[in-house]
Amino acid sequence: TAAKSKSKGRSVPSCFGYPLSIAFIVVNEFCERFSYYGMRAVLVLYFKYFLRWDDNFSTAIYHTFVALCYLTPILGALIADSWLGKFKTIVSLSIVYTIGQAVMAVSSINDMTDHNRDGNPDNIAVHIALSMTGLILIALGTGGIKPCISAFGGDQFEDHQEKQRSRFFSIFYLSINAGSLISTVITPILRAQECGIHSKQQCYPLAFGVPAALMAVSLVVFIAGSGMYKKVQPQGNIMVRVFKCIGFAIKNRFRHRSKEYPKREHWLDWASEKYDKRLIAQTKMVLKVLFLYIPLPMFWALFDQQGSRWTLQATTMDGDFTVNPILIIIMVPVVDAVIYPLIQKCKINFTPLRKITVGMFLAGLAFVAAALLQVQIDKTLPVFPASGQAQVKIINLGSSNAEVTFLPDLQNVTVLPMESTDYRMFETSQLKSVIVNFGSENRSQSIDSASSNTHTVTIKNTAAGIVSSLHSDNFTSKPEEGKTLIRFVNNLPQTVNITMGGTAFGILEETSISDYSPFAGGRTNEIVVTAGSTNCTTTSEAFGYGGAYTIIINACSQDVTQLRYIEDIQPNTVHMAWQIPQYFILTCAEVVFSVTGLEFSYSQAPSNMKSVLQAGWLLTVAVGNIIVLIVAGASKLSEQWAEYVLFAALLFAVCIIFAVMAYFYTYTDPNEVEAQLDEEEKKKQIKQDPDSYGKESEAVSRM
């Protein structure tokens with residue numbers, strides 16, 4: 001299967017018609033994407049739970065970092081095409097990248113500044129400074145090599161290997177998502193481990209350290225293939241020349257704006273007095289494609305919300321699994337090997353720009369699906385008190401019915417033994433106290449809605465009279481990350497000490513309520529109740545995701561525990577599997593949009609500006625992330641489904657604009673254009689100096 005193909009006078013190893021060098025490039029990309037997505041998978045959690053930033057600031061810094069990662073490709077392209085070449089640029093910036101990942105791992109070592117050993121860093125500014133330094137280095141590294149690595153892979157193919165090059169871009173994208181899939185599964189598991197010298201904490205150093213190690217592996221693998229690579233040498237500071245050419249054309253056109261000067265075919269032709277025909281032709285090709293890129297950021301504005309809005313949507317649902325990378329790994333080969341050939345057999349001319357248009361349309365449909373799902377989720381969400389409102393729940397721990405009256409509203413409710421009411425909503429002015437009646441006995445319990453707007457009142461009839469207790473619940477939303485909130489009520493006549501799954505709830509007096517503690521949803525936990533000298537151990541139920549429960553301890557004797565479970569907040573009832581349709585549609589959109597975009601950018605770029613056009617493609621991702629920040633900040637929509645519809649509508653509108661632009665786009669073959677220019681230059685040289693060219697031709701014929 002192995003063979004040798006010749007490239008520019010030297011033998012290049014190949015396998016199944018592909019250059020063997022691309023194996024090193026694909027493995028390198030897999031490791032690099034594992035490193036990037038692995039670090040990114042826990043980054044927001046690191047901001048929130050280690051650096052103690054709030055949700056909004058954590059999200060803003062996260063999207064700013066992602067945008068920076070896609071802004072820096074223009075710098076990498078400039079260095080590669082004008083100075084170092086792609087190979088040296090990739091190696092140099094990969095070293096910067098590896099250092100950045102290592103700095104991130106060091107920044108998350110809690111013990112570094114935890115001098116009093118209380119489990120919290122004493123000098124958080126040190127950790128912030130290190131993490132920001134690490135993220136800047138990572139953004140420079142990952143962004144700088146992005147346009148180079150895919151273009152470098154494309155360089156390994158000869159002009160006649162267009163089919164193999166197209167298949168390479170699909171394999172290349174497959175390696176990206178394989179690295180993403182594995183890392184987004186593994187790094188959260190690594191973070192969940194406990195590590196530390198003085199105190200055990202969630203193991204961010206391990207979660208960041210493994211991606212750092214993979215980046216080092218990526219660098220070693222890439223360098224190992226050095227002898228096999230086809231390395232295209234940089235051809236001068238092309239970007240500066242392009243900008244100067246554009247500037248001179250605009251200036252010259254402005255000088256000759258009078259009607260007495262004849263019009264020229266293209267406005268860039270006004271640069272012909274100073275710049276050669278080749279540079280002008282290459283600049284035309286690049287600007288024509290870059291103009292076509294203008295509508296594309298809207299696609300990424302929707303696509304990148306998988307990591308923010310759709311993730312938040314998933315936290316309000318039931319279940320726990322990763323979808324997109326799995327679907328990508330399935331869909332890339334299916335689309336490439338089945339769908340496209342089928343379309344071709346149907347005699348449909350499915351051009352790259354038509355594929356991109358279809359990708360944009362599918363992304364809009366995915367957000368319509370997300371909006372429909374959000375409507376269903378919203379129907380299941382509990383209503384929490386707004387400003388000026390309060391809610392109260394009554395739990396009857398007694399052995400007979402209780403009649404409860406809310407004052408001054410005068411609402412009445414009957415609460416059965418060992419049962420509870422749902423949370424009842426009141427205006428703050430209409431909830432001052434409750435009157436509890438057990439038969440002829442009654443008791444008043446005042447409620448202070450100034451300190452909290454969510455309350456639980458426990459009531460019980462005993463031989464000594466009615467006992468009641470007020471507890472502030474202090475929650476205004478469902479538990480984060482799909483976790484479950486658990487609290488305990490002591491219904492024993494003596495004090496008890498409670499632990500569950502290693503979490504201590506402390507000592508509870510009779511009828512008193514503990515604070516809520518979060519637990520992972522979908523799991524059982526061991527409950528240990530200590531009542532005097534008696535220890536009772538039992539296993540809890542498997543609680544749903546996103547719910548809140550009160551567990552009443554009714555008995556603890558001779559290792560027998562009687563528990564009563566009360567649901568305070570309904571767990572998530574819409575399963576995450578309902579997100580599969582929107583993920584599937586968006587994955588199909590990504591396959592036809594992103595893979596095609598990489599290939600299109602390469603095929604339409606002049607030989608000395610391929611990395612520049614790749615960087616232009618990646619720049620659309622950065623602008624898309626910025627659009628998300630702007631729309632999220634400026635949007636006054638209170639309903640999430642409405643925001644999804646807004647984004648879908650914007651993309652549909654942009655899709656129509658792009659379709660019109662694509663209709664008028666004329667595909668060019670940069671190699672053919674440059675060959676024609678070479679031929680023209682040769683003819684010009686013959687015309688200028690025929691004797692010199694004749695001698696040169698005679699010398700060649702004698703060789």
# chains A, B, ... in the order shown; residues from 1 in each chain; ligands from 1
>>> residues_around(residues="region 89-93 of chain A", least_positions_apart="4", cutoff="8 Å", atoms="only C-alpha atoms", output="PyMOL selection string")
chain A and resi 76+79-80+84-85+97+140-142+144-145+148-149+219+222-223
>>> write_last_selection(atoms="all heavy atoms", output="JSON list (two decimals), in the first residue's frame")
[["chain", "number", "residue", "atom", "x", "y", "z"],
["A", 76, "GLY", "N", -1.14, 34.76, 13.39],
["A", 76, "GLY", "CA", -0.43, 33.55, 13.00],
["A", 76, "GLY", "C", -0.27, 33.46, 11.49],
["A", 76, "GLY", "O", 0.79, 33.05, 10.99],
["A", 79, "ILE", "N", 2.48, 35.88, 10.33],
["A", 79, "ILE", "CA", 3.82, 35.35, 10.63],
["A", 79, "ILE", "C", 4.18, 34.22, 9.67],
["A", 79, "ILE", "O", 5.30, 34.14, 9.15],
["A", 79, "ILE", "CB", 3.88, 34.86, 12.09],
["A", 79, "ILE", "CG1", 3.73, 36.03, 13.06],
["A", 79, "ILE", "CG2", 5.20, 34.14, 12.37],
["A", 79, "ILE", "CD1", 3.56, 35.62, 14.52],
["A", 80, "ALA", "N", 3.21, 33.32, 9.42],
["A", 80, "ALA", "CA", 3.47, 32.15, 8.58],
["A", 80, "ALA", "C", 3.71, 32.53, 7.12],
["A", 80, "ALA", "O", 4.68, 32.06, 6.50],
["A", 80, "ALA", "CB", 2.31, 31.17, 8.68],
["A", 84, "LEU", "N", 8.06, 33.32, 8.97],
["A", 84, "LEU", "CA", 8.63, 32.03, 9.37],
["A", 84, "LEU", "C", 8.23, 30.86, 8.49],
["A", 84, "LEU", "O", 8.92, 29.84, 8.48],
["A", 84, "LEU", "CB", 8.22, 31.71, 10.83],
["A", 84, "LEU", "CG", 8.78, 32.61, 11.93],
["A", 84, "LEU", "CD1", 8.25, 32.15, 13.29],
["A", 84, "LEU", "CD2", 10.31, 32.58, 11.92],
["A", 85, "GLY", "N", 7.12, 30.97, 7.78],
["A", 85, "GLY", "CA", 6.57, 29.80, 7.10],
["A", 85, "GLY", "C", 5.67, 29.04, 8.05],
["A", 85, "GLY", "O", 5.75, 29.19, 9.27],
["A", 97, "TYR", "N", 1.92, 27.91, 23.43],
["A", 97, "TYR", "CA", 0.66, 27.25, 23.81],
["A", 97, "TYR", "C", 0.88, 26.30, 24.99],
["A", 97, "TYR", "O", 0.14, 26.33, 25.98],
["A", 97, "TYR", "CB", 0.18, 26.48, 22.58],
["A", 97, "TYR", "CG", -1.24, 25.96, 22.60],
["A", 97, "TYR", "CD1", -1.81, 25.49, 21.41],
["A", 97, "TYR", "CD2", -2.02, 25.92, 23.75],
["A", 97, "TYR", "CE1", -3.10, 25.00, 21.37],
["A", 97, "TYR", "CE2", -3.31, 25.42, 23.72],
["A", 97, "TYR", "CZ", -3.84, 24.96, 22.53],
["A", 97, "TYR", "OH", -5.11, 24.48, 22.51],
["A", 140, "LEU", "N", -2.94, 33.06, 22.13],
["A", 140, "LEU", "CA", -1.92, 33.32, 21.11],
["A", 140, "LEU", "C", -1.51, 32.02, 20.42],
["A", 140, "LEU", "O", -1.36, 31.97, 19.19],
["A", 140, "LEU", "CB", -0.69, 33.97, 21.75],
["A", 140, "LEU", "CG", -0.82, 35.43, 22.17],
["A", 140, "LEU", "CD1", 0.41, 35.87, 22.96],
["A", 140, "LEU", "CD2", -0.98, 36.32, 20.93],
["A", 141, "GLY", "N", -1.35, 30.96, 21.22],
["A", 141, "GLY", "CA", -0.91, 29.69, 20.67],
["A", 141, "GLY", "C", -1.95, 29.02, 19.80],
["A", 141, "GLY", "O", -1.72, 28.75, 18.62],
["A", 142, "THR", "N", -3.13, 28.78, 20.38],
["A", 142, "THR", "CA", -4.16, 28.06, 19.63],
["A", 142, "THR", "C", -4.65, 28.87, 18.44],
["A", 142, "THR", "O", -4.89, 28.34, 17.35],
["A", 142, "THR", "CB", -5.35, 27.66, 20.53],
["A", 142, "THR", "OG1", -6.23, 26.81, 19.81],
["A", 142, "THR", "CG2", -6.13, 28.86, 21.04],
["A", 144, "GLY", "N", -2.93, 31.28, 16.88],
["A", 144, "GLY", "CA", -1.84, 31.45, 15.91],
["A", 144, "GLY", "C", -1.63, 30.25, 15.01],
["A", 144, "GLY", "O", -1.28, 30.40, 13.83],
["A", 145, "ILE", "N", -1.85, 29.03, 15.54],
["A", 145, "ILE", "CA", -1.61, 27.84, 14.72],
["A", 145, "ILE", "C", -2.86, 27.41, 13.95],
["A", 145, "ILE", "O", -2.74, 26.60, 13.02],
["A", 145, "ILE", "CB", -1.08, 26.66, 15.56],
["A", 145, "ILE", "CG1", -2.13, 26.13, 16.53],
["A", 145, "ILE", "CG2", 0.19, 27.05, 16.28],
["A", 145, "ILE", "CD1", -1.68, 24.92, 17.32],
["A", 148, "CYS", "N", -2.72, 27.95, 10.23],
["A", 148, "CYS", "CA", -1.52, 27.34, 9.65],
["A", 148, "CYS", "C", -1.64, 25.83, 9.50],
["A", 148, "CYS", "O", -1.23, 25.26, 8.49],
["A", 148, "CYS", "CB", -0.30, 27.67, 10.51],
["A", 148, "CYS", "SG", -0.02, 29.42, 10.74],
["A", 149, "ILE", "N", -2.23, 25.17, 10.52],
["A", 149, "ILE", "CA", -2.19, 23.71, 10.54],
["A", 149, "ILE", "C", -3.06, 23.11, 9.44],
["A", 149, "ILE", "O", -2.67, 22.16, 8.76],
["A", 149, "ILE", "CB", -2.58, 23.17, 11.94],
["A", 149, "ILE", "CG1", -2.26, 21.69, 12.07],
["A", 149, "ILE", "CG2", -4.02, 23.47, 12.27],
["A", 149, "ILE", "CD1", -0.80, 21.37, 12.11],
["A", 219, "LEU", "N", 3.00, 18.67, 20.22],
["A", 219, "LEU", "CA", 4.21, 19.32, 19.70],
["A", 219, "LEU", "C", 5.25, 18.30, 19.27],
["A", 219, "LEU", "O", 5.85, 18.40, 18.19],
["A", 219, "LEU", "CB", 4.78, 20.26, 20.77],
["A", 219, "LEU", "CG", 6.08, 21.00, 20.44],
["A", 219, "LEU", "CD1", 5.91, 21.86, 19.19],
["A", 219, "LEU", "CD2", 6.51, 21.86, 21.62],
["A", 222, "PHE", "N", 4.20, 16.47, 16.04],
["A", 222, "PHE", "CA", 4.33, 17.31, 14.85],
["A", 222, "PHE", "C", 5.78, 17.42, 14.41],
["A", 222, "PHE", "O", 6.09, 17.31, 13.21],
["A", 222, "PHE", "CB", 3.75, 18.70, 15.13],
["A", 222, "PHE", "CG", 3.75, 19.60, 13.92],
["A", 222, "PHE", "CD1", 2.83, 19.41, 12.91],
["A", 222, "PHE", "CD2", 4.67, 20.62, 13.80],
["A", 222, "PHE", "CE1", 2.81, 20.23, 11.78],
["A", 222, "PHE", "CE2", 4.68, 21.45, 12.68],
["A", 222, "PHE", "CZ", 3.74, 21.25, 11.67],
["A", 223, "ILE", "N", 6.67, 17.61, 15.36],
["A", 223, "ILE", "CA", 8.10, 17.73, 15.03],
["A", 223, "ILE", "C", 8.63, 16.40, 14.48],
["A", 223, "ILE", "O", 9.49, 16.38, 13.59],
["A", 223, "ILE", "CB", 8.91, 18.18, 16.26],
["A", 223, "ILE", "CG1", 8.51, 19.62, 16.65],
["A", 223, "ILE", "CG2", 10.40, 18.11, 16.00],
["A", 223, "ILE", "CD1", 9.13, 20.12, 17.94]]
>>> residues_around(residues="Gly633 (chain A)", least_positions_apart="3", cutoff="12 Å", atoms="only C-alpha atoms", output="JSON, numbers by chain")
{"A": [56, 57, 59, 60, 626, 627, 628, 629, 630, 636, 637, 643]}
>>> write_last_selection(atoms="N, CA and C atoms", output="PDB file, in the first residue's frame")
ATOM      1  N   ASN A  56     -22.339  35.980  35.602  1.00  0.00           N
ATOM      2  CA  ASN A  56     -22.267  36.905  34.468  1.00  0.00           C
ATOM      3  C   ASN A  56     -20.829  37.232  34.101  1.00  0.00           C
ATOM      4  N   PHE A  57     -19.998  37.504  35.125  1.00  0.00           N
ATOM      5  CA  PHE A  57     -18.600  37.857  34.852  1.00  0.00           C
ATOM      6  C   PHE A  57     -17.839  36.647  34.313  1.00  0.00           C
ATOM      7  N   THR A  59     -19.091  34.176  32.585  1.00  0.00           N
ATOM      8  CA  THR A  59     -19.523  33.960  31.202  1.00  0.00           C
ATOM      9  C   THR A  59     -18.893  34.981  30.269  1.00  0.00           C
ATOM     10  N   ALA A  60     -18.821  36.236  30.701  1.00  0.00           N
ATOM     11  CA  ALA A  60     -18.245  37.294  29.868  1.00  0.00           C
ATOM     12  C   ALA A  60     -16.763  37.029  29.590  1.00  0.00           C
ATOM     13  N   ILE A 626     -18.549  37.680  19.545  1.00  0.00           N
ATOM     14  CA  ILE A 626     -18.788  39.068  19.954  1.00  0.00           C
ATOM     15  C   ILE A 626     -20.264  39.427  19.766  1.00  0.00           C
ATOM     16  N   ILE A 627     -20.872  38.911  18.687  1.00  0.00           N
ATOM     17  CA  ILE A 627     -22.309  39.152  18.449  1.00  0.00           C
ATOM     18  C   ILE A 627     -23.130  38.592  19.607  1.00  0.00           C
ATOM     19  N   VAL A 628     -22.759  37.398  20.093  1.00  0.00           N
ATOM     20  CA  VAL A 628     -23.476  36.806  21.229  1.00  0.00           C
ATOM     21  C   VAL A 628     -23.411  37.720  22.438  1.00  0.00           C
ATOM     22  N   LEU A 629     -22.218  38.255  22.736  1.00  0.00           N
ATOM     23  CA  LEU A 629     -22.054  39.151  23.886  1.00  0.00           C
ATOM     24  C   LEU A 629     -22.919  40.404  23.722  1.00  0.00           C
ATOM     25  N   ILE A 630     -22.936  40.954  22.510  1.00  0.00           N
ATOM     26  CA  ILE A 630     -23.700  42.184  22.269  1.00  0.00           C
ATOM     27  C   ILE A 630     -25.201  41.930  22.394  1.00  0.00           C
ATOM     28  N   LYS A 636     -33.649  42.737  25.588  1.00  0.00           N
ATOM     29  CA  LYS A 636     -34.578  42.992  26.690  1.00  0.00           C
ATOM     30  C   LYS A 636     -35.613  41.869  26.825  1.00  0.00           C
ATOM     31  N   LEU A 637     -35.384  40.780  26.091  1.00  0.00           N
ATOM     32  CA  LEU A 637     -36.326  39.664  26.128  1.00  0.00           C
ATOM     33  C   LEU A 637     -36.192  38.906  27.439  1.00  0.00           C
ATOM     34  N   GLU A 643     -35.581  34.590  22.813  1.00  0.00           N
ATOM     35  CA  GLU A 643     -34.218  34.898  22.359  1.00  0.00           C
ATOM     36  C   GLU A 643     -33.763  33.900  21.301  1.00  0.00           C
TER      37      GLU A 643
END
>>> residues_around(residues="Asp155 (chain A)", least_positions_apart="4", cutoff="9 Å", atoms="only C-alpha atoms", output="PyMOL selection string")
chain A and resi 150-151+229-232
>>> residues_around(residues="Pro333 (chain A)", least_positions_apart="4", cutoff="10 Å", atoms="only C-alpha atoms", output="list in words")
Arg167, Ser170, Ile171, Leu174, Ile328, Ile329, Ala337, Val338, Ile339 and Val591 of chain A
>>> write_last_selection(atoms="C-alpha atoms", output="tab-separated table (two decimals), in the first residue's frame")
chain	number	residue	atom	x	y	z
A	167	ARG	CA	-11.25	14.01	2.05
A	170	SER	CA	-13.12	15.88	6.48
A	171	ILE	CA	-10.67	13.62	8.35
A	174	LEU	CA	-13.16	14.44	12.43
A	328	ILE	CA	-20.03	14.90	14.59
A	329	ILE	CA	-17.93	11.71	14.62
A	337	ALA	CA	-19.25	9.01	1.96
A	338	VAL	CA	-23.05	8.71	1.57
A	339	ILE	CA	-24.96	12.01	1.38
A	591	VAL	CA	-20.61	19.41	8.88
>>> select_by_dssp(residues="region 353-512 of chain A", states="strand (DSSP E or B)", output="MDAnalysis selection string")
chainID A and resid 389:396 402:408 411:415 420 424:427 431:438 441:446 454:462 465:472 484:490 496:500 503:508
